[in-house]
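Pasted below: coords.txt, compact mmCIF, C-alpha atoms.
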```txt
# COMPACT_ATOMS: atom_id res chain seq x y z
CA MET A 1 -46.20 26.33 -33.18
CA LEU A 2 -48.09 24.90 -30.19
CA LYS A 3 -46.74 21.43 -30.99
CA LYS A 4 -43.21 22.73 -30.33
CA ILE A 5 -44.18 23.95 -26.84
CA SER A 6 -43.90 21.30 -24.12
CA ARG A 7 -46.97 20.45 -22.08
CA TYR A 8 -45.32 21.93 -18.99
CA TRP A 9 -44.68 25.34 -20.59
CA LEU A 10 -48.10 25.35 -22.19
CA CYS A 11 -49.63 24.85 -18.74
CA GLN A 12 -47.31 27.47 -17.23
CA LEU A 13 -48.22 30.13 -19.78
CA THR A 14 -51.92 29.25 -19.63
CA GLY A 15 -52.06 29.24 -15.83
CA TRP A 16 -50.13 32.46 -15.27
CA GLY A 17 -51.94 34.09 -18.17
CA ALA A 18 -55.25 33.22 -16.52
CA SER A 19 -53.96 34.60 -13.20
CA MET A 20 -52.98 37.87 -14.88
CA ALA A 21 -56.34 38.11 -16.65
CA ILE A 22 -58.21 37.62 -13.35
CA SER A 23 -56.13 40.32 -11.65
CA ILE A 24 -56.76 42.77 -14.50
CA PHE A 25 -60.47 41.97 -14.51
CA TYR A 26 -60.67 42.50 -10.75
CA TYR A 27 -58.79 45.79 -11.00
CA LEU A 28 -60.94 47.15 -13.85
CA THR A 29 -64.30 46.15 -12.39
CA LEU A 30 -64.00 46.06 -8.60
CA SER A 31 -61.04 48.17 -7.56
CA VAL A 32 -61.92 51.56 -6.03
CA ARG A 33 -58.35 52.88 -6.08
CA LYS A 34 -56.21 53.69 -9.08
CA ILE A 35 -52.76 52.10 -8.88
CA ASP A 36 -49.91 53.71 -10.75
CA HIS A 37 -48.15 51.44 -13.22
CA PHE A 38 -50.66 48.64 -12.41
CA PHE A 39 -50.25 46.76 -15.70
CA LEU A 40 -46.47 46.90 -15.50
CA ILE A 41 -46.62 45.64 -11.90
CA ILE A 42 -48.81 42.73 -12.98
CA VAL A 43 -46.47 41.83 -15.85
CA VAL A 44 -43.43 41.92 -13.54
CA SER A 45 -45.23 39.84 -10.91
CA VAL A 46 -46.34 37.21 -13.45
CA LEU A 47 -42.90 36.92 -15.06
CA LEU A 48 -41.36 36.60 -11.61
CA GLY A 49 -43.98 33.98 -10.71
CA ILE A 50 -43.09 31.94 -13.79
CA PHE A 51 -39.41 32.14 -12.84
CA ILE A 52 -40.02 31.21 -9.19
CA THR A 53 -42.29 28.23 -9.97
CA HIS A 54 -39.88 27.01 -12.65
CA LEU A 55 -37.05 27.18 -10.10
CA MET A 56 -39.23 25.21 -7.69
CA ARG A 57 -39.85 22.61 -10.39
CA ILE A 58 -36.10 22.29 -11.02
CA ILE A 59 -35.59 21.50 -7.32
CA ILE A 60 -38.44 18.97 -7.36
CA LEU A 61 -36.92 17.15 -10.34
CA GLU A 62 -33.32 17.48 -9.20
CA TYR A 63 -34.00 15.81 -5.87
CA LYS A 64 -36.53 13.38 -7.39
CA LEU A 65 -39.13 14.42 -4.87
CA LEU A 66 -41.94 12.88 -6.91
CA GLU A 67 -40.38 9.45 -6.34
CA LYS A 68 -40.47 9.78 -2.56
CA PRO A 69 -43.20 8.18 -0.38
CA ILE A 70 -46.51 10.05 -0.48
CA GLN A 71 -46.13 11.22 3.15
CA THR A 72 -42.74 12.74 2.33
CA GLN A 73 -44.16 14.38 -0.79
CA ILE A 74 -46.91 16.08 1.24
CA LEU A 75 -44.43 17.47 3.79
CA VAL A 76 -42.10 18.68 1.04
CA PHE A 77 -45.05 20.13 -0.83
CA ILE A 78 -46.02 22.29 2.19
CA PHE A 79 -42.41 23.22 2.98
CA LEU A 80 -41.62 24.33 -0.58
CA THR A 81 -44.83 26.33 -0.77
CA ILE A 82 -43.93 28.28 2.37
CA ILE A 83 -40.28 28.87 1.43
CA PHE A 84 -40.95 29.94 -2.14
CA SER A 85 -43.87 32.11 -1.07
CA ILE A 86 -41.41 34.13 1.03
CA ILE A 87 -38.80 34.17 -1.75
CA TYR A 88 -41.44 35.21 -4.29
CA ALA A 89 -42.70 38.01 -2.01
CA PHE A 90 -39.20 39.28 -1.22
CA ALA A 91 -38.18 39.29 -4.88
CA ASP A 92 -41.48 40.86 -6.01
CA VAL A 93 -41.44 43.71 -3.46
CA SER A 94 -37.70 44.34 -3.91
CA LEU A 95 -38.02 44.45 -7.69
CA GLU A 96 -41.00 46.81 -7.56
CA LYS A 97 -39.11 49.10 -5.17
CA LEU A 98 -36.01 48.96 -7.37
CA LEU A 99 -38.01 49.87 -10.49
CA GLY A 100 -39.95 52.55 -8.68
CA LEU A 101 -43.25 50.68 -9.03
CA TRP A 102 -44.03 50.26 -5.32
CA ASP A 103 -47.35 51.98 -4.60
CA THR A 104 -48.80 51.84 -1.07
CA GLY A 105 -51.53 54.36 -1.74
CA GLY A 106 -50.04 56.90 0.64
CA ILE A 107 -50.00 54.48 3.56
CA LYS A 108 -46.69 53.98 5.31
CA ILE A 109 -45.84 50.28 5.15
CA SER A 110 -42.43 48.88 6.05
CA LEU A 111 -40.65 46.60 3.62
CA ALA A 112 -40.85 43.71 6.11
CA ASN A 113 -44.61 44.13 6.58
CA GLU A 114 -45.19 44.28 2.82
CA ILE A 115 -43.13 41.13 2.30
CA SER A 116 -45.13 39.38 5.04
CA ARG A 117 -48.45 40.48 3.51
CA THR A 118 -47.38 39.51 0.01
CA SER A 119 -46.05 36.16 1.27
CA ILE A 120 -49.51 35.21 2.52
CA SER A 121 -51.20 35.96 -0.81
CA ASN A 122 -48.37 34.24 -2.68
CA PHE A 123 -48.73 31.19 -0.45
CA PHE A 124 -52.25 30.52 -1.74
CA LEU A 125 -51.10 31.12 -5.33
CA LEU A 126 -48.15 28.73 -5.05
CA PHE A 127 -50.27 26.27 -3.05
CA ILE A 128 -52.64 25.99 -6.04
CA TRP A 129 -49.68 25.70 -8.45
CA ASN A 130 -48.07 22.91 -6.39
CA LEU A 131 -51.38 21.14 -5.89
CA ILE A 132 -52.00 21.03 -9.63
CA TYR A 133 -48.39 20.01 -10.36
CA TYR A 134 -48.27 17.20 -7.79
CA THR A 135 -51.77 15.96 -8.62
CA TYR A 136 -51.00 15.84 -12.34
CA HIS A 137 -47.81 13.83 -11.81
CA TYR A 138 -49.47 11.54 -9.29
CA VAL A 139 -52.28 10.72 -11.73
CA GLU A 140 -49.87 10.45 -14.66
CA THR A 141 -47.57 8.11 -12.74
CA ASN A 142 -50.47 5.85 -11.80
CA ARG A 143 -51.71 5.89 -15.39
CA ARG A 144 -48.28 4.90 -16.72
CA GLN A 145 -48.02 2.15 -14.13
CA GLU A 146 -51.43 0.80 -15.17
CA VAL A 147 -50.44 0.92 -18.86
CA ASP A 148 -47.12 -0.79 -18.11
CA THR A 149 -48.92 -3.42 -16.03
CA LEU A 150 -51.39 -4.11 -18.84
CA LYS A 151 -48.55 -4.35 -21.37
CA LEU A 152 -46.68 -6.72 -19.09
CA GLN A 153 -49.78 -8.86 -18.55
CA SER A 154 -50.33 -8.95 -22.33
CA VAL A 155 -46.73 -10.06 -22.94
CA VAL A 156 -46.92 -12.66 -20.18
CA LYS A 157 -50.22 -13.95 -21.55
CA GLU A 158 -48.76 -14.25 -25.05
CA LEU A 159 -45.65 -16.03 -23.78
CA GLU A 160 -47.71 -18.37 -21.61
CA LEU A 161 -49.97 -19.31 -24.52
CA LYS A 162 -46.98 -19.94 -26.77
CA THR A 163 -45.40 -22.05 -24.04
CA ILE A 164 -48.57 -24.12 -23.68
CA LYS A 165 -48.82 -24.63 -27.44
CA SER A 166 -45.17 -25.68 -27.60
CA HIS A 167 -46.00 -28.42 -25.08
CA ILE A 168 -49.20 -29.53 -26.78
CA ASN A 169 -47.89 -30.12 -30.27
CA PRO A 170 -44.86 -32.35 -29.45
CA HIS A 171 -47.07 -34.25 -27.00
CA PHE A 172 -49.67 -34.84 -29.69
CA ILE A 173 -47.13 -35.75 -32.41
CA PHE A 174 -45.49 -38.30 -30.13
CA ASN A 175 -48.78 -40.11 -29.53
CA ALA A 176 -49.82 -39.96 -33.19
CA LEU A 177 -46.47 -41.42 -34.32
CA ASN A 178 -46.87 -44.24 -31.82
CA SER A 179 -50.24 -45.06 -33.37
CA ILE A 180 -48.71 -45.21 -36.85
CA ARG A 181 -45.69 -47.16 -35.67
CA ALA A 182 -47.98 -49.87 -34.34
CA LEU A 183 -49.32 -50.39 -37.89
CA VAL A 184 -46.04 -50.38 -39.86
CA ASP A 185 -45.38 -54.11 -39.67
CA GLU A 186 -48.95 -55.25 -39.24
CA ASN A 187 -50.53 -53.36 -42.15
CA PRO A 188 -48.20 -51.13 -44.28
CA THR A 189 -51.07 -49.92 -46.47
CA ARG A 190 -53.03 -48.63 -43.53
CA ALA A 191 -49.82 -47.21 -42.05
CA ARG A 192 -49.31 -45.15 -45.21
CA SER A 193 -52.90 -43.97 -44.85
CA GLY A 194 -52.09 -43.05 -41.28
CA ILE A 195 -49.10 -41.00 -42.41
CA THR A 196 -51.41 -39.05 -44.70
CA GLU A 197 -53.77 -38.42 -41.79
CA LEU A 198 -50.86 -37.27 -39.65
CA SER A 199 -49.71 -34.95 -42.42
CA ASN A 200 -53.14 -33.33 -42.47
CA ILE A 201 -53.08 -32.90 -38.70
CA LEU A 202 -49.58 -31.40 -38.67
CA ARG A 203 -50.50 -28.96 -41.41
CA SER A 204 -53.56 -27.84 -39.47
CA SER A 205 -51.72 -27.62 -36.16
CA MET A 206 -48.92 -25.51 -37.68
CA GLN A 207 -51.48 -23.05 -38.98
CA ALA A 208 -53.21 -23.07 -35.60
CA GLU A 209 -49.98 -21.91 -33.92
CA LYS A 210 -50.59 -18.42 -35.33
CA LEU A 211 -54.11 -18.11 -33.91
CA GLU A 212 -55.65 -17.60 -30.49
CA THR A 213 -58.89 -19.30 -31.59
CA VAL A 214 -60.20 -21.23 -34.59
CA PRO A 215 -63.71 -22.18 -35.80
CA LEU A 216 -65.00 -25.39 -34.24
CA GLU A 217 -65.39 -26.94 -37.69
CA ARG A 218 -61.65 -26.64 -38.27
CA GLU A 219 -60.90 -28.10 -34.86
CA LEU A 220 -63.28 -31.00 -35.54
CA ASN A 221 -61.41 -31.85 -38.75
CA ILE A 222 -58.22 -32.29 -36.71
CA VAL A 223 -60.09 -34.44 -34.18
CA LYS A 224 -61.54 -36.63 -36.92
CA ASP A 225 -58.08 -37.14 -38.43
CA TYR A 226 -56.69 -38.02 -35.01
CA LEU A 227 -59.51 -40.46 -34.27
CA ALA A 228 -58.98 -42.04 -37.69
CA LEU A 229 -55.40 -42.78 -36.65
CA GLU A 230 -56.51 -44.21 -33.32
CA LYS A 231 -59.19 -46.27 -35.04
CA MET A 232 -56.42 -47.95 -37.03
CA ARG A 233 -54.70 -48.93 -33.81
CA PHE A 234 -57.71 -49.98 -31.73
CA GLU A 235 -59.87 -51.24 -34.61
CA GLU A 236 -63.15 -52.67 -33.25
CA ARG A 237 -62.11 -51.81 -29.66
CA LEU A 238 -62.82 -48.15 -30.36
CA THR A 239 -66.31 -46.83 -31.06
CA ILE A 240 -66.60 -43.20 -32.19
CA GLU A 241 -69.77 -41.11 -31.83
CA MET A 242 -70.31 -37.49 -32.91
CA ASP A 243 -73.24 -35.35 -31.74
CA ILE A 244 -72.52 -31.92 -33.21
CA ASP A 245 -75.06 -29.11 -33.48
CA GLU A 246 -74.32 -27.61 -36.90
CA ASP A 247 -75.04 -24.13 -35.55
CA THR A 248 -71.95 -24.43 -33.33
CA LEU A 249 -69.53 -25.13 -36.18
CA GLY A 250 -68.71 -21.44 -36.57
CA GLN A 251 -68.01 -20.89 -32.87
CA GLN A 252 -64.44 -19.91 -31.97
CA VAL A 253 -62.53 -22.34 -29.74
CA PRO A 254 -58.88 -22.55 -28.61
CA PRO A 255 -56.87 -24.45 -31.25
CA MET A 256 -55.96 -28.05 -30.41
CA MET A 257 -57.99 -27.96 -27.18
CA LEU A 258 -60.69 -30.40 -28.27
CA GLN A 259 -58.05 -32.63 -29.82
CA THR A 260 -56.16 -32.63 -26.51
CA LEU A 261 -59.28 -33.68 -24.59
CA VAL A 262 -59.94 -36.48 -27.06
CA GLU A 263 -56.30 -37.56 -26.91
CA ASN A 264 -56.44 -37.76 -23.12
CA ALA A 265 -59.71 -39.70 -23.30
CA ILE A 266 -57.94 -42.27 -25.49
CA LYS A 267 -54.77 -42.36 -23.42
CA HIS A 268 -56.29 -42.47 -19.94
CA GLY A 269 -59.60 -44.12 -20.76
CA ILE A 270 -59.82 -46.39 -23.80
CA SER A 271 -56.21 -47.62 -23.70
CA LYS A 272 -56.63 -48.69 -20.05
CA LYS A 273 -59.50 -51.06 -20.91
CA ILE A 274 -58.77 -54.42 -22.51
CA GLN A 275 -62.12 -54.44 -24.28
CA GLY A 276 -61.74 -50.83 -25.43
CA GLY A 277 -64.63 -48.45 -25.28
CA THR A 278 -66.50 -45.48 -26.70
CA ILE A 279 -65.47 -41.89 -27.46
CA LYS A 280 -68.33 -39.44 -27.87
CA VAL A 281 -67.86 -35.77 -28.86
CA ILE A 282 -70.76 -33.37 -28.24
CA SER A 283 -71.08 -29.70 -29.21
CA ASP A 284 -74.20 -27.69 -28.34
CA PHE A 285 -75.53 -24.35 -27.09
CA VAL A 286 -76.71 -24.39 -23.47
CA ASP A 287 -77.97 -21.28 -21.63
CA ASP A 288 -76.23 -18.79 -23.94
CA HIS A 289 -72.97 -20.71 -23.67
CA HIS A 290 -71.14 -23.05 -26.03
CA GLU A 291 -70.50 -26.46 -24.49
CA LEU A 292 -67.93 -28.93 -25.76
CA VAL A 293 -68.19 -32.38 -24.19
CA VAL A 294 -65.95 -35.42 -24.57
CA GLN A 295 -67.23 -38.65 -23.02
CA ASN A 296 -65.18 -41.80 -22.87
CA SER A 297 -65.24 -45.23 -21.32
CA GLY A 298 -63.15 -45.44 -18.15
CA GLN A 299 -62.88 -44.05 -14.64
CA LEU A 300 -61.63 -40.71 -13.41
CA ASP A 301 -58.98 -42.15 -11.08
CA THR A 302 -56.84 -43.07 -14.10
CA PHE A 303 -56.85 -39.41 -15.21
CA ILE A 304 -55.93 -38.10 -11.78
CA ASN A 305 -53.20 -40.63 -11.15
CA GLU A 306 -51.65 -40.00 -14.55
CA ASP A 307 -51.97 -36.21 -14.03
CA GLY A 308 -52.03 -35.70 -17.79
CA PHE A 309 -50.66 -32.49 -19.26
CA GLY A 310 -53.81 -32.04 -21.33
CA ILE A 311 -55.96 -31.51 -18.22
CA LYS A 312 -53.64 -28.83 -16.83
CA SER A 313 -53.24 -27.09 -20.16
CA THR A 314 -56.99 -26.96 -20.77
CA GLN A 315 -57.67 -25.31 -17.42
CA TYR A 316 -54.80 -22.86 -17.87
CA ARG A 317 -55.66 -21.89 -21.45
CA LEU A 318 -59.30 -21.24 -20.62
CA ASN A 319 -58.28 -18.96 -17.74
CA LEU A 320 -55.87 -17.03 -19.95
CA LEU A 321 -58.14 -16.67 -22.97
CA TYR A 322 -61.51 -16.07 -21.33
CA GLN A 323 -60.44 -14.35 -18.08
CA GLY A 324 -62.51 -16.59 -15.84
CA LYS A 325 -65.62 -16.59 -18.07
CA ALA A 326 -65.09 -20.19 -19.23
CA THR A 327 -65.15 -23.36 -17.13
CA PHE A 328 -63.68 -26.83 -17.39
CA GLU A 329 -65.10 -29.84 -15.55
CA LEU A 330 -63.87 -33.42 -15.44
CA LYS A 331 -66.05 -36.01 -13.69
CA ASN A 332 -67.38 -39.56 -13.66
CA LEU A 333 -70.77 -39.85 -15.34
CA ASN A 334 -71.29 -43.38 -14.04
CA ALA A 335 -69.31 -46.48 -13.15
CA ASP A 336 -67.88 -46.78 -16.68
CA MET A 337 -67.94 -43.33 -18.26
CA VAL A 338 -65.88 -40.13 -17.80
CA GLU A 339 -66.92 -36.72 -19.06
CA SER A 340 -64.80 -33.66 -19.90
CA ARG A 341 -66.97 -30.55 -20.28
CA VAL A 342 -65.81 -27.11 -21.46
CA THR A 343 -68.27 -24.22 -21.22
CA MET A 344 -67.34 -21.02 -23.08
CA PRO A 345 -69.05 -17.68 -23.77
CA VAL A 346 -70.89 -17.59 -27.10
CA GLY A 347 -68.96 -15.68 -29.75
CA SER A 348 -65.29 -15.07 -30.39
CA ILE A 349 -62.78 -13.72 -27.90
```
Could you express the structure from this file as structure tokens?
Amino acid sequence: MLKKISRYWLCQLTGWGASMAISIFYYLTLSVRKIDHFFLIIVVSVLLGIFITHLMRIIILEYKLLEKPIQTQILVFIFLTIIFSIIYAFADVSLEKLLGLWDTGGIKISLANEISRTSISNFFLLFIWNLIYYTYHYVETNRRQEVDTLKLQSVVKELELKTIKSHINPHFIFNALNSIRALVDENPTRARSGITELSNILRSSMQAEKLETVPLERELNIVKDYLALEKMRFEERLTIEMDIDEDTLGQQVPPMMLQTLVENAIKHGISKKIQGGTIKVISDFVDDHHELVVQNSGQLDTFINEDGFGIKSTQYRLNLLYQGKATFELKNLNADMVESRVTMPVGSI
């Protein structure tokens, strides 16, 4: 039954019921004068109060007063309280007089004076009603706005991540195909092996599209397949080193992020050097954080001048996924070595 009653009417009945109960309690315990037809007067007054406040609510909604600036709402709030206090008093006194319920206790009081006196008491009653009504809608409006803002941020975040991923995968595929293409005429057997490696990478990357994060071990398998392709192209010009703490293999990382850093190290570092160079991948725990490091032969100016998409995407993805709790740093270690370092909170997102 209660589920069929709107929240507004439930509050109306509860509030006016409480007001009636307080009046009856006051009359039975503290009143020194017996009032004829007291309970009927209270019932009439409460029913009239429900009608008056509901009429006031209709005006508030009809003129969309809750959508006005807060200063306007306050002025309207005071104005309505005064006007409807007078209307309520006039209707209450007139109805009691019409029904023969008006009891002044033998004291001669004019109708105008009684309306004025009743208006004052009604003002405080309606002031409380309006205060509760406006406060509830003010809080509820702010709550809905916060919920809508969070939903919008969530949608934007999801769309941004999907957009980033849609850039990463074609970018990666293009470079991998170039590596294989370089081997087609020179060594068909190794090219076929490269196609198999690429197939493994594509299968993994397609699965990664559905996830926000993946275990590091899975990400490392993609990196190893990618480096195997690049090793075919660079041969002895590329030296690969892995320094992986086995305890970090279960840590969650953004999919394709490590591969992107390695790809950029090859593109902007190794490929720029005639003699080639070294790629070193490091994973370790440092000060309650998980650090992923990619070191490569080269100088940082080649990265900056090229303005690679991988650098931008790494910074952006970390901000989106970890809300400022992860960092990305790209710097020269020495005259012939560049380091990309990602520091993330331990544990999954």
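Of the residues listed (A:Ser313, A:Ala89, A:Asp245, A:Val46), A:Val46 shows the shortest atom-to-atom separation from Ala18 (chain A); distances use all atoms listed in the file.
Reported to one decimal place, the separation of CA of Glu241 (chain A) from CA of Glu217 (chain A) is 15.9 Å.
Coordinates place CA of Leu320 (chain A) at a distance of 10.6 Å from CA of Glu212 (chain A).
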Expected axis-aligned box over every listed atom of region 214-218 of chain A, 8 Å added per side, centre plus edges in Å to one decimal, as JSON:
```
{"center_x": -62.8, "center_y": -24.1, "center_z": -36.3, "size_x": 21.2, "size_y": 21.7, "size_z": 20.0}
```
Correct to one decimal, the distance CA of Leu211 (chain A)-CA of Ser193 (chain A) is 28.1 Å
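Distances from A:Tyr316, A:Tyr226, A:Phe127, A:Phe79 to Gln259 (chain A) were compared using only C-alpha atoms, and the smallest one belongs to A:Tyr226.
Using all atoms listed in the file, the smallest distance between any of A:Ala176, A:Leu131, A:Leu48, A:Ile60 and Ser94 (chain A) comes from A:Leu48.
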Practice prompt. May I have the residues within 9 Å of Leu330 (chain A) as number ranges by chain, using all atoms listed in the file and disregarding those fewer than 6 positions away in the same chain?
Written response: A: 300, 311, 338-342
* Could you name the residues that touch Lys231 (chain A) at 12 Å or less, counting all atoms listed in the file, but leaving out those on the same chain fewer than 4 positions away, as a PyMOL selection string? -> chain A and resi 176+179-180+182-183+190-191+193-194+197+223-227+235-240+266+270-271+276-279
Keeping only C-alpha atoms, write the selected residues as a PDB file, in the coordinates of the input.
```
ATOM      1  CA  ALA A 176     -49.820 -39.960 -33.190  1.00  0.00           C
ATOM      2  CA  SER A 179     -50.240 -45.060 -33.370  1.00  0.00           C
ATOM      3  CA  ILE A 180     -48.710 -45.210 -36.850  1.00  0.00           C
ATOM      4  CA  ALA A 182     -47.980 -49.870 -34.340  1.00  0.00           C
ATOM      5  CA  LEU A 183     -49.320 -50.390 -37.890  1.00  0.00           C
ATOM      6  CA  ARG A 190     -53.030 -48.630 -43.530  1.00  0.00           C
ATOM      7  CA  ALA A 191     -49.820 -47.210 -42.050  1.00  0.00           C
ATOM      8  CA  SER A 193     -52.900 -43.970 -44.850  1.00  0.00           C
ATOM      9  CA  GLY A 194     -52.090 -43.050 -41.280  1.00  0.00           C
ATOM     10  CA  GLU A 197     -53.770 -38.420 -41.790  1.00  0.00           C
ATOM     11  CA  VAL A 223     -60.090 -34.440 -34.180  1.00  0.00           C
ATOM     12  CA  LYS A 224     -61.540 -36.630 -36.920  1.00  0.00           C
ATOM     13  CA  ASP A 225     -58.080 -37.140 -38.430  1.00  0.00           C
ATOM     14  CA  TYR A 226     -56.690 -38.020 -35.010  1.00  0.00           C
ATOM     15  CA  LEU A 227     -59.510 -40.460 -34.270  1.00  0.00           C
ATOM     16  CA  GLU A 235     -59.870 -51.240 -34.610  1.00  0.00           C
ATOM     17  CA  GLU A 236     -63.150 -52.670 -33.250  1.00  0.00           C
ATOM     18  CA  ARG A 237     -62.110 -51.810 -29.660  1.00  0.00           C
ATOM     19  CA  LEU A 238     -62.820 -48.150 -30.360  1.00  0.00           C
ATOM     20  CA  THR A 239     -66.310 -46.830 -31.060  1.00  0.00           C
ATOM     21  CA  ILE A 240     -66.600 -43.200 -32.190  1.00  0.00           C
ATOM     22  CA  ILE A 266     -57.940 -42.270 -25.490  1.00  0.00           C
ATOM     23  CA  ILE A 270     -59.820 -46.390 -23.800  1.00  0.00           C
ATOM     24  CA  SER A 271     -56.210 -47.620 -23.700  1.00  0.00           C
ATOM     25  CA  GLY A 276     -61.740 -50.830 -25.430  1.00  0.00           C
ATOM     26  CA  GLY A 277     -64.630 -48.450 -25.280  1.00  0.00           C
ATOM     27  CA  THR A 278     -66.500 -45.480 -26.700  1.00  0.00           C
ATOM     28  CA  ILE A 279     -65.470 -41.890 -27.460  1.00  0.00           C
TER      29      ILE A 279
END
```
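In terms of minimum interatomic distance to Gly298 (chain A), A:Ala335 ranks closest within A:Leu101, A:Ala335, A:Ile82, A:Leu318, counting all atoms listed in the file.
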